[in-house]
>>> print(open('structure_15.csv').read())   # CSV, C-alpha atoms
chain,number,residue,atom,x,y,z
K,1034,MET,CA,113.5,174.8,110.7
K,1035,LYS,CA,114.7,173.4,114.0
K,1036,THR,CA,115.2,169.8,115.0
K,1037,GLU,CA,116.0,168.2,118.4
K,1038,HIS,CA,118.2,165.3,119.0
K,1039,ARG,CA,118.1,163.5,122.4
K,1040,VAL,CA,120.6,160.9,123.6
K,1041,VAL,CA,119.5,158.7,126.5
K,1042,VAL,CA,122.2,156.7,128.3
K,1043,GLY,CA,120.1,153.7,129.2
K,1044,ASP,CA,118.8,150.2,128.3
K,1045,ALA,CA,116.6,150.1,125.3
K,1046,ARG,CA,114.7,147.1,126.7
K,1047,SER,CA,112.7,149.8,128.5
K,1048,LEU,CA,112.2,153.0,126.6
K,1049,ASP,CA,110.6,154.7,129.6
K,1050,GLY,CA,111.5,158.1,128.3
K,1051,LEU,CA,109.4,157.8,125.3
K,1052,ALA,CA,105.6,158.0,125.2
K,1053,ASP,CA,103.4,155.7,123.2
K,1054,ASP,CA,103.2,156.6,119.5
K,1055,SER,CA,105.9,159.3,119.8
K,1056,VAL,CA,108.3,158.4,116.9
K,1057,GLU,CA,107.6,158.1,113.2
K,1058,LEU,CA,110.6,156.0,112.1
K,1059,VAL,CA,113.0,153.5,113.6
K,1060,VAL,CA,116.4,153.0,112.0
K,1061,THR,CA,118.8,150.8,113.8
K,1062,SER,CA,121.5,148.1,113.7
K,1063,PRO,CA,121.5,145.9,116.8
K,1064,PRO,CA,124.3,143.8,118.1
K,1065,TYR,CA,124.3,140.6,116.0
K,1066,PRO,CA,123.6,137.4,117.9
K,1067,MET,CA,126.3,134.7,117.6
K,1068,ILE,CA,128.9,137.3,116.3
K,1069,GLU,CA,131.8,136.8,118.8
K,1070,MET,CA,132.5,140.5,119.3
K,1071,TRP,CA,129.0,140.8,121.0
K,1072,ASP,CA,129.2,137.8,123.2
K,1073,ASP,CA,130.2,139.7,126.3
K,1074,LEU,CA,127.5,142.3,125.8
K,1075,PHE,CA,124.8,139.6,125.6
K,1076,ALA,CA,126.3,137.7,128.6
K,1077,ASP,CA,126.1,140.9,130.6
K,1078,LEU,CA,122.4,141.2,129.7
K,1079,ASP,CA,121.7,137.6,130.6
K,1080,PRO,CA,124.5,135.5,132.3
K,1081,GLU,CA,122.9,132.3,131.1
K,1082,ILE,CA,124.0,133.2,127.6
K,1083,GLY,CA,127.7,132.9,128.7
K,1084,ASP,CA,126.9,129.5,130.3
K,1085,LEU,CA,125.3,128.3,127.1
K,1086,LEU,CA,128.2,129.3,125.0
K,1087,ASP,CA,130.6,127.6,127.4
K,1088,ALA,CA,128.5,124.5,127.1
K,1089,ALA,CA,128.6,124.6,123.3
K,1090,ALA,CA,124.8,125.0,123.2
K,1091,GLY,CA,124.8,127.2,120.1
K,1092,ARG,CA,121.2,127.1,119.2
K,1093,ALA,CA,120.1,127.8,122.8
K,1094,ALA,CA,122.5,130.7,123.0
K,1095,PHE,CA,121.2,132.1,119.7
K,1096,ASP,CA,117.6,131.9,121.0
K,1097,ALA,CA,118.6,133.5,124.4
K,1098,MET,CA,120.4,136.4,122.6
K,1099,HIS,CA,117.3,137.1,120.5
K,1100,GLU,CA,115.1,137.0,123.6
K,1101,GLN,CA,117.0,140.1,124.8
K,1102,LEU,CA,116.5,141.8,121.4
K,1103,ASP,CA,112.8,140.8,121.5
K,1104,ARG,CA,112.3,143.1,124.5
K,1105,VAL,CA,113.5,146.0,122.5
K,1106,TRP,CA,111.3,145.2,119.5
K,1107,ALA,CA,108.3,145.2,121.9
K,1108,GLU,CA,109.2,148.7,123.0
K,1109,VAL,CA,109.6,149.7,119.4
K,1110,GLU,CA,106.1,148.6,118.7
K,1111,ARG,CA,104.8,150.7,121.6
K,1112,VAL,CA,106.5,154.0,120.7
K,1113,LEU,CA,106.2,153.8,116.9
K,1114,VAL,CA,103.1,155.5,115.4
K,1115,ASP,CA,100.6,153.4,113.5
K,1116,GLY,CA,101.8,153.1,110.0
K,1117,GLY,CA,105.3,154.1,111.0
K,1118,ILE,CA,108.3,152.2,109.6
K,1119,ALA,CA,111.0,150.2,111.4
K,1120,CYS,CA,114.2,149.5,109.5
K,1121,VAL,CA,116.6,147.0,111.0
K,1122,ASN,CA,120.1,146.4,109.5
K,1123,VAL,CA,121.3,143.0,110.5
K,1124,GLY,CA,123.6,140.3,109.3
K,1125,ASP,CA,123.5,136.5,109.7
K,1126,ALA,CA,126.3,134.8,111.6
K,1127,THR,CA,128.5,131.9,110.7
K,1128,ARG,CA,130.2,130.1,113.7
K,1129,THR,CA,131.7,126.9,114.8
K,1130,VAL,CA,130.2,125.8,118.2
K,1131,GLY,CA,131.1,122.4,119.7
K,1132,GLY,CA,133.0,121.4,116.5
K,1133,SER,CA,130.0,122.1,114.2
K,1134,PHE,CA,130.0,124.9,111.7
K,1135,ARG,CA,126.6,126.5,110.7
K,1136,VAL,CA,124.9,129.7,109.8
K,1137,TYR,CA,122.6,131.4,112.4
K,1138,GLN,CA,119.9,133.3,110.6
K,1139,ASN,CA,119.4,136.5,112.5
K,1140,HIS,CA,117.3,138.1,109.8
K,1141,SER,CA,114.8,135.3,109.8
K,1142,ARG,CA,114.4,135.3,113.6
K,1143,ILE,CA,113.9,139.1,113.6
K,1144,VAL,CA,111.3,138.9,110.9
K,1145,ASP,CA,109.4,136.3,112.9
K,1146,ARG,CA,109.4,138.4,116.0
K,1147,PHE,CA,108.2,141.6,114.2
K,1148,GLU,CA,105.4,139.7,112.6
K,1149,ALA,CA,104.3,138.3,116.0
K,1150,LEU,CA,104.2,141.9,117.3
K,1151,GLY,CA,101.7,142.9,114.5
K,1152,PHE,CA,104.2,144.5,112.0
K,1153,GLU,CA,103.7,144.0,108.3
K,1154,PRO,CA,107.0,142.9,106.6
K,1155,LEU,CA,107.8,145.1,103.6
K,1156,PRO,CA,110.3,144.2,100.8
K,1157,GLU,CA,113.8,144.0,102.3
K,1158,ILE,CA,117.1,145.3,101.0
K,1159,LEU,CA,120.2,143.3,100.6
K,1160,TRP,CA,123.3,145.4,101.3
K,1161,ARG,CA,126.2,143.7,99.6
K,1162,LYS,CA,129.5,144.4,101.3
K,1163,PRO,CA,132.5,143.5,99.1
K,1164,ALA,CA,134.9,141.4,101.0
K,1165,ASN,CA,138.4,142.8,101.4
K,1166,ALA,CA,140.1,139.4,101.5
K,1167,GLY,CA,141.1,137.7,98.3
K,1168,ALA,CA,139.9,134.3,99.6
K,1169,LYS,CA,136.2,133.6,98.9
K,1170,PHE,CA,135.9,130.3,100.5
K,1171,MET,CA,135.5,128.7,103.9
K,1172,GLY,CA,135.9,125.1,104.9
K,1173,SER,CA,137.9,122.7,102.8
K,1174,GLY,CA,139.1,125.2,100.2
K,1175,MET,CA,139.1,123.6,96.7
K,1176,LEU,CA,137.8,120.2,97.6
K,1177,PRO,CA,134.1,119.3,97.5
K,1178,PRO,CA,131.8,118.9,99.3
K,1179,ASN,CA,132.8,120.7,102.6
K,1180,ALA,CA,133.5,124.3,101.5
K,1181,TYR,CA,131.1,127.0,102.5
K,1182,VAL,CA,129.8,130.1,100.8
K,1183,THR,CA,131.2,133.4,102.2
K,1184,LEU,CA,128.6,135.8,103.5
K,1185,GLU,CA,129.1,139.2,101.8
K,1186,HIS,CA,125.8,140.8,102.5
K,1187,GLU,CA,123.6,142.1,105.3
K,1188,TYR,CA,119.9,142.8,105.4
K,1189,VAL,CA,117.9,145.9,105.9
K,1190,LEU,CA,114.6,144.6,107.1
K,1191,VAL,CA,111.7,146.9,106.6
K,1192,PHE,CA,108.4,146.7,108.6
K,1193,ARG,CA,105.3,148.8,108.8
K,1194,ASN,CA,103.6,149.1,112.2
K,1195,GLY,CA,100.2,147.7,111.5
K,1196,THR,CA,98.3,147.3,108.2
K,1197,GLU,CA,97.5,151.0,107.5
K,1198,HIS,CA,99.7,153.6,105.9
K,1199,ARG,CA,100.4,156.9,107.6
K,1200,THR,CA,98.1,159.8,106.5
K,1201,PHE,CA,98.9,163.5,106.1
K,1202,GLU,CA,96.9,166.6,105.7
K,1203,SER,CA,95.9,167.5,102.1
K,1204,GLY,CA,98.8,169.2,100.4
K,1205,SER,CA,101.1,168.7,103.3
K,1206,GLU,CA,104.1,171.0,102.6
K,1207,ARG,CA,106.5,169.1,104.9
K,1208,ARG,CA,105.7,165.9,103.0
K,1209,TYR,CA,105.9,167.4,99.5
K,1210,ASN,CA,109.1,169.3,100.3
K,1211,SER,CA,110.6,166.0,101.5
K,1212,ALA,CA,110.3,164.5,98.0
K,1213,PHE,CA,113.3,162.6,96.6
K,1214,LEU,CA,114.4,162.8,92.9
K,1215,TRP,CA,113.3,160.2,90.3
K,1216,GLU,CA,116.8,158.8,89.8
K,1217,GLU,CA,117.3,158.6,93.6
K,1218,ARG,CA,114.1,156.7,94.0
K,1219,ASN,CA,115.2,154.2,91.4
K,1220,ARG,CA,118.5,153.6,93.1
K,1221,TRP,CA,117.3,153.8,96.8
K,1222,PHE,CA,114.3,151.6,96.3
K,1223,SER,CA,116.2,148.8,94.6
K,1224,ASP,CA,116.3,145.6,96.7
K,1225,LEU,CA,120.1,145.3,96.2
K,1226,TRP,CA,122.5,148.0,97.3
K,1227,THR,CA,126.0,147.5,95.9
K,1228,ASP,CA,127.2,151.1,96.1
K,1229,VAL,CA,127.5,151.3,99.9
K,1230,ARG,CA,130.7,150.1,101.3
K,1231,GLY,CA,130.9,148.8,104.9
K,1232,GLY,CA,133.6,149.4,107.4
K,1233,ARG,CA,134.4,149.5,111.1
K,1234,GLN,CA,135.2,152.6,113.1
K,1235,THR,CA,138.1,152.5,115.4
K,1236,LEU,CA,137.3,154.2,118.7
K,1237,ASP,CA,139.5,156.0,121.2
K,1238,ALA,CA,141.4,153.8,123.5
K,1239,ALA,CA,139.3,155.1,126.4
K,1240,ALA,CA,136.1,153.8,124.8
K,1241,PRO,CA,134.5,150.7,126.3
K,1242,ARG,CA,134.6,148.7,123.0
K,1243,GLU,CA,137.7,148.5,120.9
K,1244,ARG,CA,135.6,148.8,117.7
K,1245,SER,CA,132.2,149.9,116.9
K,1246,ALA,CA,130.2,148.0,114.2
K,1247,ALA,CA,128.5,151.3,113.1
K,1248,PHE,CA,126.9,151.1,109.7
K,1249,PRO,CA,128.0,153.6,107.1
K,1250,PHE,CA,126.3,157.0,107.0
K,1251,ALA,CA,124.7,156.4,103.6
K,1252,ILE,CA,122.4,153.6,105.0
K,1253,PRO,CA,120.5,155.6,107.7
K,1254,TYR,CA,120.6,158.7,105.5
K,1255,ARG,CA,118.8,156.9,102.6
K,1256,LEU,CA,116.3,155.2,104.9
K,1257,ILE,CA,115.4,158.4,106.7
K,1258,ASN,CA,114.7,160.1,103.4
K,1259,MET,CA,112.8,157.1,102.1
K,1260,TYR,CA,110.5,156.5,105.0
K,1261,SER,CA,110.0,159.8,106.9
K,1262,VAL,CA,109.3,163.5,106.2
K,1263,TYR,CA,110.5,166.8,107.6
K,1264,GLY,CA,109.4,167.2,111.2
K,1265,ASP,CA,109.4,163.5,112.0
K,1266,THR,CA,111.4,161.9,114.8
K,1267,VAL,CA,113.7,159.0,114.2
K,1268,LEU,CA,114.6,156.5,116.9
K,1269,ASP,CA,117.7,154.3,117.2
K,1270,PRO,CA,117.5,152.1,120.2
K,1271,PHE,CA,121.1,150.8,119.5
K,1272,TRP,CA,122.7,154.2,119.1
K,1273,GLY,CA,126.4,153.3,119.3
K,1274,THR,CA,128.4,156.2,117.8
K,1275,GLY,CA,125.2,158.0,116.7
K,1276,THR,CA,125.3,157.5,112.9
K,1277,THR,CA,121.5,157.5,112.8
K,1278,SER,CA,121.3,160.8,114.7
K,1279,LEU,CA,124.0,162.3,112.4
K,1280,ALA,CA,122.0,161.2,109.4
K,1281,ALA,CA,118.8,162.6,110.9
K,1282,MET,CA,120.5,166.0,111.5
K,1283,VAL,CA,121.6,166.1,107.8
K,1284,ALA,CA,118.2,165.0,106.6
K,1285,GLY,CA,116.3,167.6,108.7
K,1286,ARG,CA,114.6,165.2,111.1
K,1287,SER,CA,114.6,165.0,114.9
K,1288,SER,CA,116.1,161.9,116.6
K,1289,VAL,CA,116.3,160.0,119.8
K,1290,GLY,CA,119.0,157.5,120.6
K,1291,TYR,CA,119.4,155.0,123.4
K,1292,GLU,CA,122.9,153.8,124.3
K,1293,LEU,CA,124.3,151.7,127.2
K,1294,GLU,CA,127.8,153.2,127.1
K,1295,ALA,CA,127.9,156.8,128.3
K,1296,SER,CA,131.4,157.4,126.8
K,1297,LEU,CA,130.1,157.0,123.3
K,1298,THR,CA,128.2,160.2,123.6
K,1299,GLU,CA,131.6,162.0,123.6
K,1300,VAL,CA,132.6,160.1,120.4
K,1301,PHE,CA,129.4,161.5,118.9
K,1302,ALA,CA,130.2,165.0,120.1
K,1303,ASP,CA,133.4,165.0,118.0
K,1304,ARG,CA,131.4,163.9,115.0
K,1305,VAL,CA,128.8,166.7,115.4
K,1306,THR,CA,131.5,169.3,115.0
K,1307,ASP,CA,131.6,168.5,111.2
K,1308,VAL,CA,127.8,168.1,110.7
K,1309,ALA,CA,127.3,171.5,109.0
K,1310,ALA,CA,130.0,170.9,106.5
K,1311,LEU,CA,128.8,167.3,106.0
K,1312,SER,CA,125.3,168.5,105.3
K,1313,ARG,CA,126.5,170.9,102.7
K,1314,ARG,CA,128.6,168.2,101.0
K,1315,VAL,CA,125.6,165.8,101.0
K,1316,VAL,CA,123.2,168.4,99.5
K,1317,ASP,CA,125.7,169.6,97.0
K,1318,ARG,CA,126.4,166.1,95.9
K,1319,ARG,CA,122.6,165.3,95.4
K,1320,LEU,CA,122.1,168.5,93.4
K,1321,ALA,CA,125.2,167.9,91.3
K,1322,ASP,CA,124.2,164.3,90.6
K,1323,HIS,CA,120.8,165.5,89.5
K,1324,ARG,CA,122.2,168.1,87.1
K,1325,GLU,CA,124.5,165.4,85.7
K,1326,PHE,CA,121.4,163.1,85.2
K,1327,VAL,CA,119.6,166.0,83.4
K,1328,ALA,CA,122.6,166.6,81.2
K,1329,GLU,CA,122.8,163.0,80.2
K,1330,ARG,CA,119.1,162.8,79.4
K,1331,GLN,CA,119.2,166.0,77.3
K,1332,ALA,CA,122.3,164.7,75.5
K,1333,ALA,CA,120.3,161.6,74.6
K,1334,GLY,CA,117.6,163.9,73.1
K,1335,GLU,CA,115.1,163.5,76.0
K,1336,GLU,CA,113.5,166.4,77.8
K,1337,LEU,CA,112.2,166.3,81.3
K,1338,GLU,CA,108.6,167.5,81.5
K,1339,TYR,CA,108.5,169.5,84.7
K,1340,GLU,CA,110.4,172.3,86.4
K,1341,ALA,CA,111.4,172.3,90.0
K,1342,GLU,CA,109.8,175.0,92.1
K,1343,ASN,CA,112.9,175.8,94.2
K,1344,TYR,CA,115.7,175.0,91.8
K,1345,ASP,CA,116.8,176.0,88.3
K,1346,PHE,CA,116.6,172.5,86.8
K,1347,PRO,CA,113.9,170.3,85.3
K,1348,VAL,CA,112.6,167.1,87.0
K,1349,THR,CA,111.0,163.9,85.7
K,1350,THR,CA,107.7,163.8,87.6
K,1351,LYS,CA,105.2,166.3,89.1
K,1352,GLN,CA,105.8,164.9,92.6
K,1353,GLU,CA,109.5,166.1,92.5
K,1354,ARG,CA,108.6,169.7,91.7
K,1355,PRO,CA,108.3,170.9,95.4
K,1356,ILE,CA,111.5,169.2,96.6
K,1357,LEU,CA,113.4,171.5,99.0
K,1358,LEU,CA,116.7,170.5,100.6
K,1359,TYR,CA,118.1,171.8,103.9
K,1360,THR,CA,121.6,172.2,105.3
K,1361,VAL,CA,122.6,172.6,108.9
K,1362,SER,CA,123.4,176.2,109.9
K,1363,ASP,CA,123.9,175.9,113.6
K,1364,VAL,CA,124.2,173.2,116.3
K,1365,GLU,CA,123.8,173.9,120.1
K,1366,ARG,CA,124.5,171.2,122.7
K,1367,THR,CA,121.8,171.0,125.3
K,1368,GLU,CA,121.3,169.1,128.5
K,1369,SER,CA,119.6,166.2,126.8
K,1370,GLY,CA,121.3,166.3,123.4
K,1371,TYR,CA,121.4,168.8,120.6
K,1372,GLU,CA,119.3,171.5,118.9
K,1373,VAL,CA,119.9,172.0,115.2
K,1374,VAL,CA,118.9,174.9,113.0
K,1375,HIS,CA,118.4,174.1,109.3
K,1376,GLU,CA,118.3,176.5,106.4
K,1377,PRO,CA,116.8,175.8,103.0
K,1378,VAL,CA,119.1,175.5,100.0
K,1379,GLY,CA,117.7,176.7,96.7
K,1380,GLY,CA,115.9,179.5,95.0
K,1381,ARG,CA,115.9,179.9,91.2
K,1382,GLY,CA,119.0,181.6,89.9
K,1383,SER,CA,120.8,181.2,93.3
K,1384,GLY,CA,123.3,178.8,91.8
K,1385,SER,CA,122.2,176.2,94.4
>>> encode(input="structure_15.csv", output="structure tokens")
Amino acid sequence: MKTEHRVVVGDARSLDGLADDSVELVVTSPPYPMIEMWDDLFADLDPEIGDLLDAAAGRAAFDAMHEQLDRVWAEVERVLVDGGIACVNVGDATRTVGGSFRVYQNHSRIVDRFEALGFEPLPEILWRKPANAGAKFMGSGMLPPNAYVTLEHEYVLVFRNGTEHRTFESGSERRYNSAFLWEERNRWFSDLWTDVRGGRQTLDAAAPRERSAAFPFAIPYRLINMYSVYGDTVLDPFWGTGTTSLAAMVAGRSSVGYELEASLTEVFADRVTDVAALSRRVVDRRLADHREFVAERQAAGEELEYEAENYDFPVTTKQERPILLYTVSDVERTESGYEVVHEPVGGRGSGS
């Protein structure tokens, strides 16, 4: 199996390089309005935003920042197939502007815009990021009533493009091979993720931003497995250091990323050198976790009813039987991005 991964240095407010209905999944994390590290970026997109911040017009600046994101969401609606899924990782912002402290609800504003574009909101995920600091309060500390709750979670907002589900040919092999395991489904499709730790990636000094707010690999990898099948194309209009593309490579999907800063493509080139080893680690971990799950069930006197078709272990449901995992065997850099070759992992008695 081969996948293609394009990186476009350009502004995602106009996805000119993508045709209508040309991607099956969107996984992205935009710059968060009213988070100070993104102020300069938003002011570059619309100089009025800088003027509003200088004037302590917090709500107006918040709206103006989201108007820039709205232009991207409109393009997402155009290029995403009917029934395709869009996943947006975003956090709310707390900020003092003009002497007044408040929360700016980015997630609510994005939900409203996607609904206006005709998307159907699906159940969202709360990604709880444990705080590193020992202090859990903001404001007046131990004295009521002016302390504030500390934000320790972000949202993964999930939308379907339109009211209809995607359809597949009867017995679609690429869909059935893309199955996930029963215990993975139970963990991934929970509305609260507490087992994914956040973090910031320090970039090379030559990079245009001191730090990248890239989300951890586990988030796009899970979402890609949850909401797409082998052969699909995943779009990230806020590509950054390419975590979504990296996850798509490991998951056996194609990808397209849009990024304003050309130098970040070289940061990604360094990450790609490890993608084959990363894919093997991810697949080995999934298989080992399932074998541990099977052993625990059997030790409790429970037997799994079905046998996997490509592996020497039992599974819980009939839908899991065709599951087939792939690892990256070769990566070639092309003029527009990367071409990746994937090999299936498995075969009864192979030890995989």
>>> atom_distance(input="structure_15.csv", atom1="atom CA of Val1112 of chain K", atom2="atom CA of Tyr1188 of chain K")
23.2 Å
>>> residues_around(input="structure_15.csv", residues="Glu1100 of chain K", least_positions_apart="3", cutoff="12 Å", atoms="only C-alpha atoms", output="ChimeraX atom specification")
/K:1046,1066,1075,1078-1079,1081-1082,1093-1097,1103-1107,1139,1142-1143,1146
>>> closest_residue(input="structure_15.csv", among="K:Arg1111, K:Arg1354, K:Arg1161, K:Lys1035", to="Ser1055 of chain K", atoms="all atoms listed in the file")
K:Arg1111
>>> atom_distance(input="structure_15.csv", atom1="atom CA of Asn1343 of chain K", atom2="atom CA of Thr1200 of chain K")
25.0 Å
>>> residues_near_point(input="structure_15.csv", point="(132.5, 166.4, 112.7)", cutoff="12 Å", atoms="all atoms listed in the file", output="ChimeraX atom specification")
/K:1275-1276,1279,1283,1299-1312,1364
>>> closest_residue(input="structure_15.csv", among="K:Asp1072, K:Glu1110, K:Asp1269, K:Glu1336", to="Ser1288 of chain K", atoms="all atoms listed in the file")
K:Asp1269
>>> atom_distance(input="structure_15.csv", atom1="atom CA of Arg1255 of chain K", atom2="atom CA of Arg1319 of chain K")
11.7 Å
>>> residues_around(input="structure_15.csv", residues="Leu1268 of chain K", least_positions_apart="5", cutoff="7 Å", atoms="all atoms listed in the file", output="VMD selection string")
chain K and resid 1056 1058 to 1060 1288 to 1290
>>> write_last_selection(input="structure_15.csv", atoms="C-alpha atoms", output="PDB file, keeping the file's coordinate frame")
ATOM      1  CA  VAL K1056     108.300 158.400 116.900  1.00  0.00           C
ATOM      2  CA  LEU K1058     110.600 156.000 112.100  1.00  0.00           C
ATOM      3  CA  VAL K1059     113.000 153.500 113.600  1.00  0.00           C
ATOM      4  CA  VAL K1060     116.400 153.000 112.000  1.00  0.00           C
ATOM      5  CA  SER K1288     116.100 161.900 116.600  1.00  0.00           C
ATOM      6  CA  VAL K1289     116.300 160.000 119.800  1.00  0.00           C
ATOM      7  CA  GLY K1290     119.000 157.500 120.600  1.00  0.00           C
TER       8      GLY K1290
END
>>> residues_around(input="structure_15.csv", residues="segment 1223-1227 of chain K", least_positions_apart="3", cutoff="6 Å", atoms="all atoms listed in the file", output="list of chain:residue names")
K:Ile1158, K:Leu1159, K:Trp1160, K:Arg1161, K:Arg1220
>>> residues_around(input="structure_15.csv", residues="Glu1342 of chain K", least_positions_apart="5", cutoff="12 Å", atoms="only C-alpha atoms", output="list of chain:residue names")
K:Tyr1209, K:Asn1210, K:Pro1347, K:Val1348, K:Lys1351, K:Gln1352, K:Glu1353, K:Arg1354, K:Pro1355, K:Ile1356, K:Leu1357, K:Leu1358, K:Gly1379, K:Gly1380, K:Arg1381, K:Gly1382
>>> residues_near_point(input="structure_15.csv", point="(130.6, 138.5, 114.6)", cutoff="12 Å", atoms="only C-alpha atoms", output="list in words")
Pro1063, Pro1064, Tyr1065, Pro1066, Met1067, Ile1068, Glu1069, Met1070, Trp1071, Asp1072, Asp1073, Val1123, Gly1124, Asp1125, Ala1126, Thr1127, Arg1128, Thr1129, Val1136, Tyr1137, Asn1139, Leu1184, Arg1244, Ser1245 and Ala1246 of chain K
>>> closest_residue(input="structure_15.csv", among="K:Val1109, K:Ile1257, K:Glu1217, K:Asp1265", to="His1323 of chain K", atoms="all atoms listed in the file")
K:Glu1217
>>> closest_residue(input="structure_15.csv", among="K:Glu1206, K:Val1327, K:Val1114, K:Glu1037", to="Glu1365 of chain K", atoms="only C-alpha atoms")
K:Glu1037
>>> residues_around(input="structure_15.csv", residues="Glu1292 of chain K", least_positions_apart="3", cutoff="8 Å", atoms="all atoms listed in the file", output="ChimeraX atom specification")
/K:1040-1045,1270-1273,1295,1297
>>> closest_residue(input="structure_15.csv", among="K:Gln1138, K:Thr1360, K:Thr1266, K:Thr1350", to="Leu1051 of chain K", atoms="all atoms listed in the file")
K:Thr1266
>>> closest_residue(input="structure_15.csv", among="K:Glu1057, K:Arg1039, K:Leu1113, K:His1140", to="Val1267 of chain K", atoms="only C-alpha atoms")
K:Glu1057
>>> build_atoms(input="structure_15.csv", residues="segment 1073-1090 of chain K", atoms="N, CA and C atoms", output="short mmCIF file (atom, residue, chain, number, x, y, z; two decimals), in the frame of the given file")
data_model
loop_
_atom_site.label_atom_id
_atom_site.label_comp_id
_atom_site.auth_asym_id
_atom_site.auth_seq_id
_atom_site.Cartn_x
_atom_site.Cartn_y
_atom_site.Cartn_z
N ASP K 1073 130.16 139.17 124.95
CA ASP K 1073 130.20 139.70 126.30
C ASP K 1073 129.03 140.62 126.60
N LEU K 1074 128.62 141.40 125.61
CA LEU K 1074 127.50 142.30 125.80
C LEU K 1074 126.21 141.42 126.13
N PHE K 1075 125.96 140.40 125.33
CA PHE K 1075 124.80 139.60 125.60
C PHE K 1075 124.89 138.84 126.91
N ALA K 1076 126.10 138.40 127.26
CA ALA K 1076 126.30 137.70 128.60
C ALA K 1076 126.04 138.67 129.72
N ASP K 1077 126.37 139.95 129.54
CA ASP K 1077 126.10 140.90 130.60
C ASP K 1077 124.56 141.12 130.73
N LEU K 1078 123.84 141.06 129.62
CA LEU K 1078 122.40 141.20 129.70
C LEU K 1078 121.71 139.99 130.29
N ASP K 1079 122.28 138.82 130.03
CA ASP K 1079 121.70 137.60 130.60
C ASP K 1079 122.89 136.61 130.80
N PRO K 1080 123.36 136.42 132.06
CA PRO K 1080 124.50 135.50 132.30
C PRO K 1080 124.33 134.12 131.81
N GLU K 1081 123.11 133.67 131.65
CA GLU K 1081 122.90 132.30 131.10
C GLU K 1081 123.45 132.15 129.73
N ILE K 1082 123.50 133.24 128.97
CA ILE K 1082 124.00 133.20 127.60
C ILE K 1082 125.49 132.74 127.63
N GLY K 1083 126.27 133.31 128.55
CA GLY K 1083 127.70 132.90 128.70
C GLY K 1083 127.78 131.42 129.02
N ASP K 1084 126.91 130.94 129.90
CA ASP K 1084 126.90 129.50 130.30
C ASP K 1084 126.60 128.63 129.09
N LEU K 1085 125.63 129.07 128.26
CA LEU K 1085 125.30 128.30 127.10
C LEU K 1085 126.38 128.20 126.08
N LEU K 1086 127.07 129.33 125.88
CA LEU K 1086 128.20 129.30 125.00
C LEU K 1086 129.32 128.42 125.48
N ASP K 1087 129.59 128.49 126.78
CA ASP K 1087 130.60 127.60 127.40
C ASP K 1087 130.26 126.15 127.23
N ALA K 1088 128.97 125.88 127.22
CA ALA K 1088 128.50 124.50 127.10
C ALA K 1088 128.34 124.06 125.66
N ALA K 1089 128.74 124.93 124.71
CA ALA K 1089 128.60 124.60 123.30
C ALA K 1089 127.19 124.41 122.84
N ALA K 1090 126.25 125.07 123.53
CA ALA K 1090 124.80 125.00 123.20
C ALA K 1090 124.50 126.15 122.24
#
